[in-house]
Amino acid sequence: MSSNKIKNELDRREFMKRLLAGTGFITKFPGEIFLSNMMLHYLQKAHAQAAGLDDGFGDQKFINIGMDGGLPRWYWDGIINPTGSEIVVPNPMIISKFKVSGDNVLGEYGTTQVGKFHMPWVWSSNIPTADGGVVPMSALAENMMILRGINSLVDSHELNKNRHIAPVVGGISLTGLVADKSKAPVPAIHRVNGGGAMFGSEKGIASVDLTGDNPLTSALTPFLPGMNPIELKNSSIENAIDLALNRISEFSGSKNKYLPSTFETRQNAKNLMKKQFGDLRGTYDTIKNKYIKLMNRSFQATGNLSLSQVDDVPLIGSNSNPFEVGEVDYHIGDIQTVTNFNTRITGLAEAFAIAEYMLLEGLSSSANLIIVGFTDAFYEKTINSVTGRVSGPRNMLIFPDAHSCGSHVGLVMFSRYYRALSACLYEFIQQLKKKQTPYGNMFNHTTISITSEFNRTPLNTAKGSDHGWQGCVYSLFSGMVDELTVLGNVRTDDGGRYAGTWGAAGLVSELGNREALLGNAISTISAMTEVKTPTPNDKAFANKVNGKVVPFVKSAKNVSPDDEAA
Amino acid sequence: MKNYINISFLILLMGCLPSKEGELSFGNNVGGGNTNRIPQSMEYRQNMQFGDRYYVTNVILDVFSIPERSPLGNYVKSLLQYKIEFGGACDPYSISDLGYSDYEFQDERCWGGIGIVQASISSPMRYSLTIKACEYLVNRKDDANINIRNKIYPEGVWKEPTAPDVQKLWNLFYTLDPIDKPTVEALLNIKTATTSHKEAWDAIIVAVCSSPAWQVL
């Protein structure tokens, strides 16, 4: 609360007291205290609501889900042929479905129409819903904006993990900027599974670490009131202490203009201590289990959750490139068993459970949540091409940094990964849409970004892929986006060992005939979340006008390296 | 008279209504800071350097006259000093940049499982822990509450709070910032919500003890 607002409030209260006293409404009797405080309480509450202090629902929200490892994006949002008529140079790794030809199972890149765009084949599948049913995956794309062809300029897992939301290493982050404007009591949270801090706030706000198996309790235990709370003993005492603190804040503000902000934060702490959280562990487990079940069904990939021409194709591996699973290891068993009902993406259910609870309760505004690889993934049988040794079956953790992941194994694994992610994302968005706030539907002022350190460069041998930092992708989900939107140019072909169209950045005329950089994507998110951009020299892909996203970069073309920008 | 009250009340409440924001545009016409100006983050941090976990704990132990190595002292440390939210290195003699970065001691691991130790900054967790520590000590019948009382009233009896008494309490926490008259009055006003001298002092002490400004260096 600014010092002017506090002064006005105190003046209003004093005036109110005298007004009430002058009218004889309040006289010198014991009830004076109660009535006076009652009126003051209503006045305070009205003022608090006017100042936005009453809750953490009205501000812009930003959630970043970081897929650790640098995932191949062509299966999901690395759109290879957005219009259906772009030049596409094939690469044997860039496949989205199988085609049976005699005894051979070949891979091909197929698409399905979603809105105006030709999306990878996985978008033709269904995804599970929390009520036990299914919904077409294309429903997720209704409020999706894909920014493709982004050159991060640097090849580094750790640096790029940070730079996707904090472009200047050690500087301010998108999560920090959103937290700075937040009215929520715990403005910023993160769960980075041992990753970098990548949080920077201009106001010195801390991001709370929610690692561990009981993160809500960890986050909120400090706010459970003590055994005999004095401040919260009764409303009269609470109001009186609040007034005194307001005065101390004003007094402090006369000495240091930043001090009143600490009193605002203290007020947030007290408001949290008044909140009845109930059984936090039970609540967290309930929400987390919901997302686990969505993952279970996605990875099982049977019945109406089976992706045709992928999950329903009998596929036995062999000692050949499409089935590589290690530098010298090949999967020679049933590829379709690589995931099962118990397979999970590490950290996914936890991330969405935390985001859902903290946002819907108005407790947080910005979150950076990192998900890792597959657990309980399964190689039925592998062969070492050097020793000839056959191993298996083995239950394992698979890290998505898929240097050695052949085309056919990758298609099965990652098409299910992205379906699991999509199912959880869809459910989270439905929860946001259901949440009505005094400022409208919460999804309308939430921006969710799905990022990874980089895309991947597909080897033209079909054995795997390497770090595609030249062609990153951001997928953004928000009620501000009215329809599926794909922006950004990619190159048709780079030649060499990564020959083909995979998503490397192409020149964009709206950006000054140069490649899009991370800063352009970050400026886009800044525009959507109404914060200043940490990269003011990089224009946004899209602006926000009257609450809706309006593209500035209009093109989504595949450009030849020799062509001028589209 | 009734109409006068109603109209006055309406005028007051209208002043409390949120102002309607105009339609706004964000994006390529926004951004590009004035690079000649000190960034707000640096300016903020130059003026807002928070005491670390040792500082906050020591002030409270000192005000309530609690020996550091007593059972109560150890308990107070568990409430404050061993909490990551207050920030500061595991070694109290480590040189800190006093909040210029958020995770200046990120490789350190302290007692009680504190990991990724951070710089000392403002957070609701810091203040809720402070509130709880202050309330816990004020509620203690036999030691902490008596100790602070004796600093205000050497004769050992709680009395009705007066301006000089409130000043004494204030000076225990704000050793370099003398209190002003309106602040004294605001603190004295707390007694109007209570029913006994002790209850009044409990609330006044909690207000001052849990106010954030004394934690700023």
# chains A, B, ... in the order shown; residues from 1 in each chain; ligands from 1

call {"tool": "closest_atom_pairs", "arguments": {"of": "chain A", "to": "chain B", "cutoff": "6 Å", "atoms": "only C-alpha atoms", "output": "Markdown table"}}
result
| residue | atom | partner | partner_atom | distance |
| --- | --- | --- | --- | --- |
| A:His47 | CA | B:Cys16 | CA | 5.1 |
| A:Ala50 | CA | B:Pro18 | CA | 4.4 |
| A:Glu202 | CA | B:Ser41 | CA | 4.0 |
| A:Gly204 | CA | B:Ile121 | CA | 5.7 |
| A:Pro222 | CA | B:Leu129 | CA | 5.9 |
| A:Phe223 | CA | B:Ser128 | CA | 5.9 |
| A:Gly226 | CA | B:Lys132 | CA | 5.8 |
| A:Ser236 | CA | B:Ala193 | CA | 5.4 |
| A:Ile237 | CA | B:Ala193 | CA | 5.3 |
| A:Ala240 | CA | B:Ile190 | CA | 5.0 |
| A:Ile241 | CA | B:Ala207 | CA | 5.9 |
| A:Ala244 | CA | B:Ala186 | CA | 4.8 |
| A:Arg247 | CA | B:Thr183 | CA | 5.8 |
| A:Thr265 | CA | B:Pro124 | CA | 5.3 |
| A:Arg266 | CA | B:Tyr127 | CA | 5.5 |
| A:Ala269 | CA | B:Pro124 | CA | 4.6 |
| A:Ala527 | CA | B:Gly27 | CA | 4.5 |
| A:Lys532 | CA | B:Gly31 | CA | 5.5 |
| A:Thr533 | CA | B:Gly31 | CA | 5.7 |
| A:Pro536 | CA | B:Gly32 | CA | 4.5 |
| A:Lys539 | CA | B:Asn28 | CA | 5.5 |
| A:Ala540 | CA | B:Asn28 | CA | 5.8 |
| A:Asn543 | CA | B:Gly27 | CA | 4.3 |
| A:Lys544 | CA | B:Phe26 | CA | 5.0 |
| A:Val545 | CA | B:Ser25 | CA | 4.5 |
| A:Asn546 | CA | B:Glu23 | CA | 5.6 |

call {"tool": "select_by_dssp", "arguments": {"residues": "region 139-171 of chain B", "states": "alpha helix (DSSP H)", "output": "list in words"}}
result
Asn139, Ala144, Asn145, Ile146, Asn147, Ile148, Arg149, Asn150, Lys151, Ile152, Ala163, Pro164, Asp165, Val166, Gln167, Lys168, Leu169, Trp170 and Asn171 of chain B

call {"tool": "select_by_dssp", "arguments": {"residues": "region 53-158 of chain A", "states": "strand (DSSP E or B)", "output": "MDAnalysis selection string"}}
result
chainID A and resid 61:67 97:101 104:108 111:114 117:120 126:128 134:136 144:151

call {"tool": "write_last_selection", "arguments": {"atoms": "N, CA, C and O atoms", "output": "short mmCIF file (atom, residue, chain, number, x, y, z; two decimals), in the first residue's frame"}}
result
data_model
loop_
_atom_site.label_atom_id
_atom_site.label_comp_id
_atom_site.auth_asym_id
_atom_site.auth_seq_id
_atom_site.Cartn_x
_atom_site.Cartn_y
_atom_site.Cartn_z
N LYS A 61 -0.96 -14.35 -14.65
CA LYS A 61 -0.28 -15.56 -14.18
C LYS A 61 0.63 -16.08 -15.29
O LYS A 61 0.29 -16.01 -16.47
N PHE A 62 1.76 -16.64 -14.89
CA PHE A 62 2.68 -17.22 -15.86
C PHE A 62 3.22 -18.53 -15.32
O PHE A 62 3.79 -18.58 -14.24
N ILE A 63 3.00 -19.60 -16.10
CA ILE A 63 3.51 -20.92 -15.73
C ILE A 63 4.42 -21.39 -16.84
O ILE A 63 4.02 -21.44 -18.00
N ASN A 64 5.66 -21.71 -16.50
CA ASN A 64 6.55 -22.32 -17.48
C ASN A 64 6.74 -23.79 -17.13
O ASN A 64 7.15 -24.12 -16.01
N ILE A 65 6.41 -24.66 -18.08
CA ILE A 65 6.72 -26.08 -17.93
C ILE A 65 7.93 -26.35 -18.79
O ILE A 65 7.86 -26.26 -20.03
N GLY A 66 9.06 -26.62 -18.17
CA GLY A 66 10.29 -26.86 -18.90
C GLY A 66 10.53 -28.35 -19.05
O GLY A 66 10.61 -29.07 -18.04
N MET A 67 10.61 -28.81 -20.27
CA MET A 67 10.86 -30.24 -20.51
C MET A 67 12.37 -30.45 -20.56
O MET A 67 13.02 -30.11 -21.54
N LYS A 97 4.20 -41.26 -38.17
CA LYS A 97 3.39 -42.48 -38.16
C LYS A 97 4.12 -43.55 -38.95
O LYS A 97 5.11 -43.29 -39.64
N PHE A 98 3.60 -44.77 -38.82
CA PHE A 98 4.22 -45.90 -39.50
C PHE A 98 3.39 -46.26 -40.73
O PHE A 98 2.20 -45.99 -40.82
N LYS A 99 4.12 -46.90 -41.65
CA LYS A 99 3.44 -47.42 -42.84
C LYS A 99 3.99 -48.82 -43.07
O LYS A 99 5.19 -49.01 -43.21
N VAL A 100 3.09 -49.77 -43.08
CA VAL A 100 3.52 -51.15 -43.25
C VAL A 100 3.64 -51.45 -44.74
O VAL A 100 2.71 -51.21 -45.50
N SER A 101 4.81 -51.94 -45.10
CA SER A 101 5.03 -52.28 -46.52
C SER A 101 5.64 -53.68 -46.56
O SER A 101 6.84 -53.87 -46.35
N ASN A 104 8.12 -54.89 -43.94
CA ASN A 104 8.81 -53.74 -43.37
C ASN A 104 7.83 -52.74 -42.77
O ASN A 104 6.71 -52.56 -43.26
N VAL A 105 8.28 -52.11 -41.73
CA VAL A 105 7.52 -51.01 -41.15
C VAL A 105 8.33 -49.74 -41.41
O VAL A 105 9.41 -49.53 -40.84
N LEU A 106 7.79 -48.92 -42.28
CA LEU A 106 8.48 -47.69 -42.63
C LEU A 106 7.90 -46.53 -41.84
O LEU A 106 6.76 -46.60 -41.35
N GLY A 107 8.70 -45.47 -41.73
CA GLY A 107 8.19 -44.27 -41.07
C GLY A 107 7.89 -43.21 -42.10
O GLY A 107 8.58 -43.11 -43.11
N GLU A 108 6.88 -42.41 -41.85
CA GLU A 108 6.58 -41.30 -42.74
C GLU A 108 6.07 -40.13 -41.93
O GLU A 108 5.57 -40.29 -40.81
N THR A 111 0.35 -35.68 -41.39
CA THR A 111 -0.25 -34.59 -40.61
C THR A 111 -1.76 -34.77 -40.52
O THR A 111 -2.35 -35.60 -41.21
N THR A 112 -2.36 -33.97 -39.66
CA THR A 112 -3.80 -33.92 -39.54
C THR A 112 -4.19 -32.45 -39.44
O THR A 112 -3.49 -31.64 -38.83
N GLN A 113 -5.32 -32.12 -40.02
CA GLN A 113 -5.72 -30.71 -40.02
C GLN A 113 -6.34 -30.34 -38.67
O GLN A 113 -7.27 -30.98 -38.19
N VAL A 114 -5.78 -29.30 -38.07
CA VAL A 114 -6.36 -28.75 -36.83
C VAL A 114 -6.50 -27.25 -37.07
O VAL A 114 -5.50 -26.54 -37.26
N PHE A 117 -4.22 -25.23 -39.64
CA PHE A 117 -2.86 -25.75 -39.78
C PHE A 117 -2.80 -27.27 -39.88
O PHE A 117 -3.68 -27.98 -39.43
N HIS A 118 -1.71 -27.71 -40.46
CA HIS A 118 -1.44 -29.13 -40.59
C HIS A 118 -0.49 -29.52 -39.46
O HIS A 118 0.70 -29.23 -39.51
N MET A 119 -1.06 -30.18 -38.49
CA MET A 119 -0.31 -30.52 -37.29
C MET A 119 0.22 -31.95 -37.41
O MET A 119 -0.32 -32.77 -38.15
N PRO A 120 1.27 -32.27 -36.65
CA PRO A 120 1.79 -33.64 -36.67
C PRO A 120 0.71 -34.66 -36.34
O PRO A 120 -0.26 -34.36 -35.62
N ASN A 126 -6.81 -39.27 -29.44
CA ASN A 126 -7.56 -38.81 -28.27
C ASN A 126 -6.61 -38.70 -27.09
O ASN A 126 -5.56 -39.34 -27.06
N ILE A 127 -7.04 -37.92 -26.12
CA ILE A 127 -6.33 -37.88 -24.84
C ILE A 127 -7.33 -38.16 -23.73
O ILE A 127 -8.52 -37.85 -23.89
N PRO A 128 -6.86 -38.75 -22.65
CA PRO A 128 -7.79 -39.05 -21.55
C PRO A 128 -8.18 -37.79 -20.79
O PRO A 128 -7.43 -36.82 -20.74
N VAL A 134 -12.62 -39.53 -22.80
CA VAL A 134 -11.56 -39.08 -23.72
C VAL A 134 -12.06 -37.84 -24.44
O VAL A 134 -13.26 -37.55 -24.48
N VAL A 135 -11.13 -37.12 -25.02
CA VAL A 135 -11.45 -35.94 -25.83
C VAL A 135 -10.43 -35.89 -26.95
O VAL A 135 -9.29 -36.35 -26.77
N PRO A 136 -10.79 -35.41 -28.13
CA PRO A 136 -9.79 -35.29 -29.19
C PRO A 136 -8.66 -34.38 -28.73
O PRO A 136 -8.89 -33.31 -28.14
N MET A 144 -3.92 -22.26 -28.42
CA MET A 144 -2.47 -22.55 -28.49
C MET A 144 -1.81 -21.66 -29.53
O MET A 144 -2.33 -21.47 -30.63
N MET A 145 -0.65 -21.13 -29.18
CA MET A 145 0.14 -20.35 -30.12
C MET A 145 1.55 -20.94 -30.13
O MET A 145 2.19 -21.05 -29.09
N ILE A 146 1.99 -21.33 -31.32
CA ILE A 146 3.31 -21.95 -31.45
C ILE A 146 4.26 -20.95 -32.08
O ILE A 146 3.96 -20.38 -33.14
N LEU A 147 5.38 -20.74 -31.43
CA LEU A 147 6.44 -19.89 -31.98
C LEU A 147 7.57 -20.83 -32.36
O LEU A 147 8.18 -21.47 -31.51
N ARG A 148 7.83 -20.94 -33.66
CA ARG A 148 8.82 -21.90 -34.11
C ARG A 148 9.98 -21.18 -34.78
O ARG A 148 9.91 -19.97 -35.05
N GLY A 149 11.03 -21.93 -35.07
CA GLY A 149 12.17 -21.35 -35.77
C GLY A 149 12.88 -20.30 -34.95
O GLY A 149 13.14 -19.19 -35.42
N ILE A 150 13.23 -20.62 -33.71
CA ILE A 150 13.88 -19.66 -32.82
C ILE A 150 15.31 -20.12 -32.57
O ILE A 150 15.54 -21.24 -32.10
N ASN A 151 16.25 -19.28 -32.88
CA ASN A 151 17.65 -19.61 -32.71
C ASN A 151 18.12 -19.16 -31.33
O ASN A 151 18.06 -17.96 -31.03
#

call {"tool": "residues_around", "arguments": {"residues": "region 490-501 of chain A", "least_positions_apart": "2", "cutoff": "10 Å", "atoms": "only C-alpha atoms", "output": "PyMOL selection string"}}
result
chain A and resi 74+78-81+86-94+148-150+456-461+465-466+468+470-471+487-488+503-508+515-516+556-563

call {"tool": "residues_around", "arguments": {"residues": "region 157-171 of chain B", "least_positions_apart": "2", "cutoff": "6 Å", "atoms": "only C-alpha atoms", "output": "list of chain:residue names"}}
result
B:Glu155, B:Phe173, B:Tyr174, B:Thr175, B:His197, B:Lys198

call {"tool": "write_last_selection", "arguments": {"atoms": "all heavy atoms", "output": "tab-separated table (two decimals), in the first residue's frame"}}
result
chain	number	residue	atom	x	y	z
B	155	GLU	N	9.90	-2.36	37.77
B	155	GLU	CA	9.23	-2.81	39.00
B	155	GLU	C	8.52	-4.14	38.81
B	155	GLU	O	8.03	-4.72	39.77
B	155	GLU	CB	8.27	-1.73	39.49
B	155	GLU	CG	7.17	-1.34	38.53
B	155	GLU	CD	7.55	-0.21	37.55
B	155	GLU	OE1	8.74	-0.15	37.15
B	155	GLU	OE2	6.69	0.56	37.17
B	173	PHE	N	13.76	-2.54	19.50
B	173	PHE	CA	13.87	-3.08	18.14
B	173	PHE	C	14.48	-2.07	17.17
B	173	PHE	O	15.30	-2.42	16.34
B	173	PHE	CB	12.48	-3.50	17.63
B	173	PHE	CG	11.95	-4.73	18.30
B	173	PHE	CD1	11.10	-4.64	19.41
B	173	PHE	CD2	12.29	-6.00	17.85
B	173	PHE	CE1	10.61	-5.77	20.03
B	173	PHE	CE2	11.80	-7.13	18.46
B	173	PHE	CZ	10.97	-7.04	19.56
B	174	TYR	N	14.05	-0.82	17.26
B	174	TYR	CA	14.52	0.21	16.34
B	174	TYR	C	15.54	1.08	17.06
B	174	TYR	O	15.25	2.20	17.47
B	174	TYR	CB	13.34	1.05	15.86
B	174	TYR	CG	12.37	0.28	14.97
B	174	TYR	CD1	11.30	-0.42	15.52
B	174	TYR	CD2	12.52	0.28	13.59
B	174	TYR	CE1	10.41	-1.12	14.71
B	174	TYR	CE2	11.65	-0.42	12.77
B	174	TYR	CZ	10.59	-1.13	13.35
B	174	TYR	OH	9.73	-1.81	12.53
B	175	THR	N	16.72	0.55	17.21
B	175	THR	CA	17.71	1.21	18.06
B	175	THR	C	18.19	2.53	17.47
B	175	THR	O	18.64	3.41	18.21
B	175	THR	CB	18.92	0.30	18.28
B	175	THR	OG1	19.38	-0.18	17.01
B	175	THR	CG2	18.55	-0.91	19.13
B	197	HIS	N	-4.27	-4.75	30.85
B	197	HIS	CA	-2.97	-4.15	30.53
B	197	HIS	C	-2.07	-5.17	29.85
B	197	HIS	O	-1.38	-4.86	28.88
B	197	HIS	CB	-2.29	-3.64	31.82
B	197	HIS	CG	-3.07	-2.58	32.53
B	197	HIS	ND1	-3.84	-1.66	31.88
B	197	HIS	CD2	-3.19	-2.31	33.86
B	197	HIS	CE1	-4.42	-0.86	32.76
B	197	HIS	NE2	-4.05	-1.23	33.97
B	198	LYS	N	-2.07	-6.39	30.36
B	198	LYS	CA	-1.17	-7.41	29.78
B	198	LYS	C	-1.58	-7.73	28.36
B	198	LYS	O	-0.75	-7.87	27.47
B	198	LYS	CB	-1.17	-8.68	30.63
B	198	LYS	CG	-0.19	-9.70	30.02
B	198	LYS	CD	-0.02	-10.94	30.82
B	198	LYS	CE	0.99	-11.88	30.17
B	198	LYS	NZ	0.71	-12.17	28.76

call {"tool": "residues_around", "arguments": {"residues": "Gln81 (chain B)", "least_positions_apart": "4", "cutoff": "8 Å", "atoms": "only C-alpha atoms", "output": "ChimeraX atom specification"}}
result
/B:53-54,56-57,76-77,86

call {"tool": "write_last_selection", "arguments": {"atoms": "all heavy atoms", "output": "PDB file, in the first residue's frame"}}
result
ATOM      1  N   ARG B  53      19.722 -14.516   8.732  1.00  0.00           N
ATOM      2  CA  ARG B  53      19.098 -15.332   9.778  1.00  0.00           C
ATOM      3  C   ARG B  53      19.744 -15.100  11.128  1.00  0.00           C
ATOM      4  O   ARG B  53      19.066 -15.108  12.165  1.00  0.00           O
ATOM      5  CB  ARG B  53      19.171 -16.813   9.394  1.00  0.00           C
ATOM      6  CG  ARG B  53      20.579 -17.353   9.232  1.00  0.00           C
ATOM      7  CD  ARG B  53      20.511 -18.850   9.083  1.00  0.00           C
ATOM      8  NE  ARG B  53      19.763 -19.266   7.924  1.00  0.00           N
ATOM      9  CZ  ARG B  53      20.261 -19.366   6.704  1.00  0.00           C
ATOM     10  NH1 ARG B  53      21.525 -19.098   6.495  1.00  0.00           N
ATOM     11  NH2 ARG B  53      19.511 -19.738   5.705  1.00  0.00           N
ATOM     12  N   TYR B  54      21.043 -14.849  11.136  1.00  0.00           N
ATOM     13  CA  TYR B  54      21.735 -14.625  12.410  1.00  0.00           C
ATOM     14  C   TYR B  54      21.293 -13.293  13.015  1.00  0.00           C
ATOM     15  O   TYR B  54      21.063 -13.186  14.221  1.00  0.00           O
ATOM     16  CB  TYR B  54      23.251 -14.622  12.211  1.00  0.00           C
ATOM     17  CG  TYR B  54      23.735 -15.861  11.513  1.00  0.00           C
ATOM     18  CD1 TYR B  54      24.019 -15.838  10.156  1.00  0.00           C
ATOM     19  CD2 TYR B  54      23.870 -17.063  12.202  1.00  0.00           C
ATOM     20  CE1 TYR B  54      24.424 -16.971   9.495  1.00  0.00           C
ATOM     21  CE2 TYR B  54      24.275 -18.199  11.548  1.00  0.00           C
ATOM     22  CZ  TYR B  54      24.553 -18.152  10.198  1.00  0.00           C
ATOM     23  OH  TYR B  54      24.952 -19.283   9.550  1.00  0.00           O
ATOM     24  N   VAL B  56      18.443 -11.552  12.530  1.00  0.00           N
ATOM     25  CA  VAL B  56      17.066 -11.571  13.018  1.00  0.00           C
ATOM     26  C   VAL B  56      16.975 -12.359  14.320  1.00  0.00           C
ATOM     27  O   VAL B  56      16.356 -11.922  15.300  1.00  0.00           O
ATOM     28  CB  VAL B  56      16.130 -12.160  11.943  1.00  0.00           C
ATOM     29  CG1 VAL B  56      14.736 -12.384  12.484  1.00  0.00           C
ATOM     30  CG2 VAL B  56      16.079 -11.243  10.727  1.00  0.00           C
ATOM     31  N   THR B  57      17.617 -13.505  14.353  1.00  0.00           N
ATOM     32  CA  THR B  57      17.561 -14.336  15.566  1.00  0.00           C
ATOM     33  C   THR B  57      18.214 -13.613  16.742  1.00  0.00           C
ATOM     34  O   THR B  57      17.659 -13.582  17.850  1.00  0.00           O
ATOM     35  CB  THR B  57      18.293 -15.673  15.334  1.00  0.00           C
ATOM     36  OG1 THR B  57      17.732 -16.318  14.192  1.00  0.00           O
ATOM     37  CG2 THR B  57      18.154 -16.576  16.540  1.00  0.00           C
ATOM     38  N   VAL B  76      14.162 -20.939  19.658  1.00  0.00           N
ATOM     39  CA  VAL B  76      14.011 -19.730  18.834  1.00  0.00           C
ATOM     40  C   VAL B  76      14.861 -19.856  17.565  1.00  0.00           C
ATOM     41  O   VAL B  76      14.433 -19.469  16.481  1.00  0.00           O
ATOM     42  CB  VAL B  76      14.412 -18.472  19.635  1.00  0.00           C
ATOM     43  CG1 VAL B  76      14.481 -17.251  18.732  1.00  0.00           C
ATOM     44  CG2 VAL B  76      13.425 -18.236  20.766  1.00  0.00           C
ATOM     45  N   LYS B  77      16.022 -20.411  17.708  1.00  0.00           N
ATOM     46  CA  LYS B  77      16.865 -20.619  16.519  1.00  0.00           C
ATOM     47  C   LYS B  77      16.191 -21.560  15.538  1.00  0.00           C
ATOM     48  O   LYS B  77      16.288 -21.380  14.322  1.00  0.00           O
ATOM     49  CB  LYS B  77      18.232 -21.161  16.942  1.00  0.00           C
ATOM     50  CG  LYS B  77      19.153 -20.088  17.498  1.00  0.00           C
ATOM     51  CD  LYS B  77      20.584 -20.559  17.553  1.00  0.00           C
ATOM     52  CE  LYS B  77      20.912 -21.105  18.903  1.00  0.00           C
ATOM     53  NZ  LYS B  77      22.343 -21.455  19.043  1.00  0.00           N
ATOM     54  N   PHE B  86      15.222 -16.848   5.651  1.00  0.00           N
ATOM     55  CA  PHE B  86      15.870 -15.627   6.111  1.00  0.00           C
ATOM     56  C   PHE B  86      17.177 -15.340   5.383  1.00  0.00           C
ATOM     57  O   PHE B  86      17.716 -14.246   5.462  1.00  0.00           O
ATOM     58  CB  PHE B  86      16.130 -15.706   7.620  1.00  0.00           C
ATOM     59  CG  PHE B  86      14.880 -15.513   8.420  1.00  0.00           C
ATOM     60  CD1 PHE B  86      14.106 -16.595   8.786  1.00  0.00           C
ATOM     61  CD2 PHE B  86      14.457 -14.245   8.770  1.00  0.00           C
ATOM     62  CE1 PHE B  86      12.930 -16.419   9.506  1.00  0.00           C
ATOM     63  CE2 PHE B  86      13.290 -14.056   9.491  1.00  0.00           C
ATOM     64  CZ  PHE B  86      12.528 -15.144   9.859  1.00  0.00           C
TER      65      PHE B  86
END

call {"tool": "closest_residue", "arguments": {"among": "A:Phe199, A:Ile354, A:Asp77, A:Val310", "to": "Val178 (chain A)", "atoms": "only C-alpha atoms"}}
result
A:Phe199

call {"tool": "closest_residue", "arguments": {"among": "B:Asp143, B:Leu80, B:Asp52, B:Ile205", "to": "Pro67 (chain B)", "atoms": "only C-alpha atoms"}}
result
B:Asp143

call {"tool": "atom_distance", "arguments": {"atom1": "CA of Leu476 (chain A)", "atom2": "CA of Asp311 (chain A)"}}
result
27.6 Å

call {"tool": "residues_around", "arguments": {"residues": "Ser182 (chain A)", "least_positions_apart": "6", "cutoff": "10 Å", "atoms": "only C-alpha atoms", "output": "VMD selection string"}}
result
chain A and resid 52 to 53 55 to 61 176 188 363 to 366

call {"tool": "atom_distance", "arguments": {"atom1": "CA of Gly512 (chain A)", "atom2": "CA of Ser449 (chain A)"}}
result
25.1 Å

call {"tool": "closest_residue", "arguments": {"among": "A:Leu518, A:Leu140, A:Ala367, A:Ala301", "to": "Gly479 (chain A)", "atoms": "only C-alpha atoms"}}
result
A:Leu140

call {"tool": "decode", "arguments": {"residues": "region 519-528 of chain A", "atoms": "N, CA, C and O atoms", "output": "PDB file, in the first residue's frame"}}
result
ATOM      1  N   GLY A 519      14.849 -13.880 -27.455  1.00  0.00           N
ATOM      2  CA  GLY A 519      14.295 -12.606 -26.999  1.00  0.00           C
ATOM      3  C   GLY A 519      12.955 -12.271 -27.628  1.00  0.00           C
ATOM      4  O   GLY A 519      12.098 -11.647 -27.010  1.00  0.00           O
ATOM      5  N   ASN A 520      12.752 -12.721 -28.882  1.00  0.00           N
ATOM      6  CA  ASN A 520      11.467 -12.453 -29.524  1.00  0.00           C
ATOM      7  C   ASN A 520      10.340 -13.220 -28.830  1.00  0.00           C
ATOM      8  O   ASN A 520       9.241 -12.712 -28.656  1.00  0.00           O
ATOM      9  N   ALA A 521      10.639 -14.450 -28.471  1.00  0.00           N
ATOM     10  CA  ALA A 521       9.630 -15.242 -27.758  1.00  0.00           C
ATOM     11  C   ALA A 521       9.392 -14.663 -26.366  1.00  0.00           C
ATOM     12  O   ALA A 521       8.256 -14.576 -25.898  1.00  0.00           O
ATOM     13  N   ILE A 522      10.475 -14.236 -25.721  1.00  0.00           N
ATOM     14  CA  ILE A 522      10.338 -13.693 -24.367  1.00  0.00           C
ATOM     15  C   ILE A 522       9.555 -12.389 -24.397  1.00  0.00           C
ATOM     16  O   ILE A 522       8.724 -12.120 -23.519  1.00  0.00           O
ATOM     17  N   SER A 523       9.783 -11.570 -25.417  1.00  0.00           N
ATOM     18  CA  SER A 523       9.016 -10.336 -25.545  1.00  0.00           C
ATOM     19  C   SER A 523       7.542 -10.639 -25.772  1.00  0.00           C
ATOM     20  O   SER A 523       6.664  -9.891 -25.332  1.00  0.00           O
ATOM     21  N   THR A 524       7.264 -11.738 -26.441  1.00  0.00           N
ATOM     22  CA  THR A 524       5.873 -12.140 -26.659  1.00  0.00           C
ATOM     23  C   THR A 524       5.206 -12.481 -25.328  1.00  0.00           C
ATOM     24  O   THR A 524       4.087 -12.037 -25.047  1.00  0.00           O
ATOM     25  N   ILE A 525       5.889 -13.254 -24.534  1.00  0.00           N
ATOM     26  CA  ILE A 525       5.323 -13.618 -23.229  1.00  0.00           C
ATOM     27  C   ILE A 525       5.191 -12.377 -22.349  1.00  0.00           C
ATOM     28  O   ILE A 525       4.212 -12.220 -21.601  1.00  0.00           O
ATOM     29  N   SER A 526       6.166 -11.481 -22.437  1.00  0.00           N
ATOM     30  CA  SER A 526       6.077 -10.230 -21.671  1.00  0.00           C
ATOM     31  C   SER A 526       4.831  -9.453 -22.051  1.00  0.00           C
ATOM     32  O   SER A 526       4.132  -8.907 -21.193  1.00  0.00           O
ATOM     33  N   ALA A 527       4.558  -9.392 -23.361  1.00  0.00           N
ATOM     34  CA  ALA A 527       3.365  -8.683 -23.816  1.00  0.00           C
ATOM     35  C   ALA A 527       2.106  -9.344 -23.272  1.00  0.00           C
ATOM     36  O   ALA A 527       1.180  -8.681 -22.816  1.00  0.00           O
ATOM     37  N   MET A 528       2.094 -10.651 -23.296  1.00  0.00           N
ATOM     38  CA  MET A 528       0.894 -11.367 -22.833  1.00  0.00           C
ATOM     39  C   MET A 528       0.686 -11.199 -21.328  1.00  0.00           C
ATOM     40  O   MET A 528      -0.445 -11.089 -20.858  1.00  0.00           O
TER      41      MET A 528
END
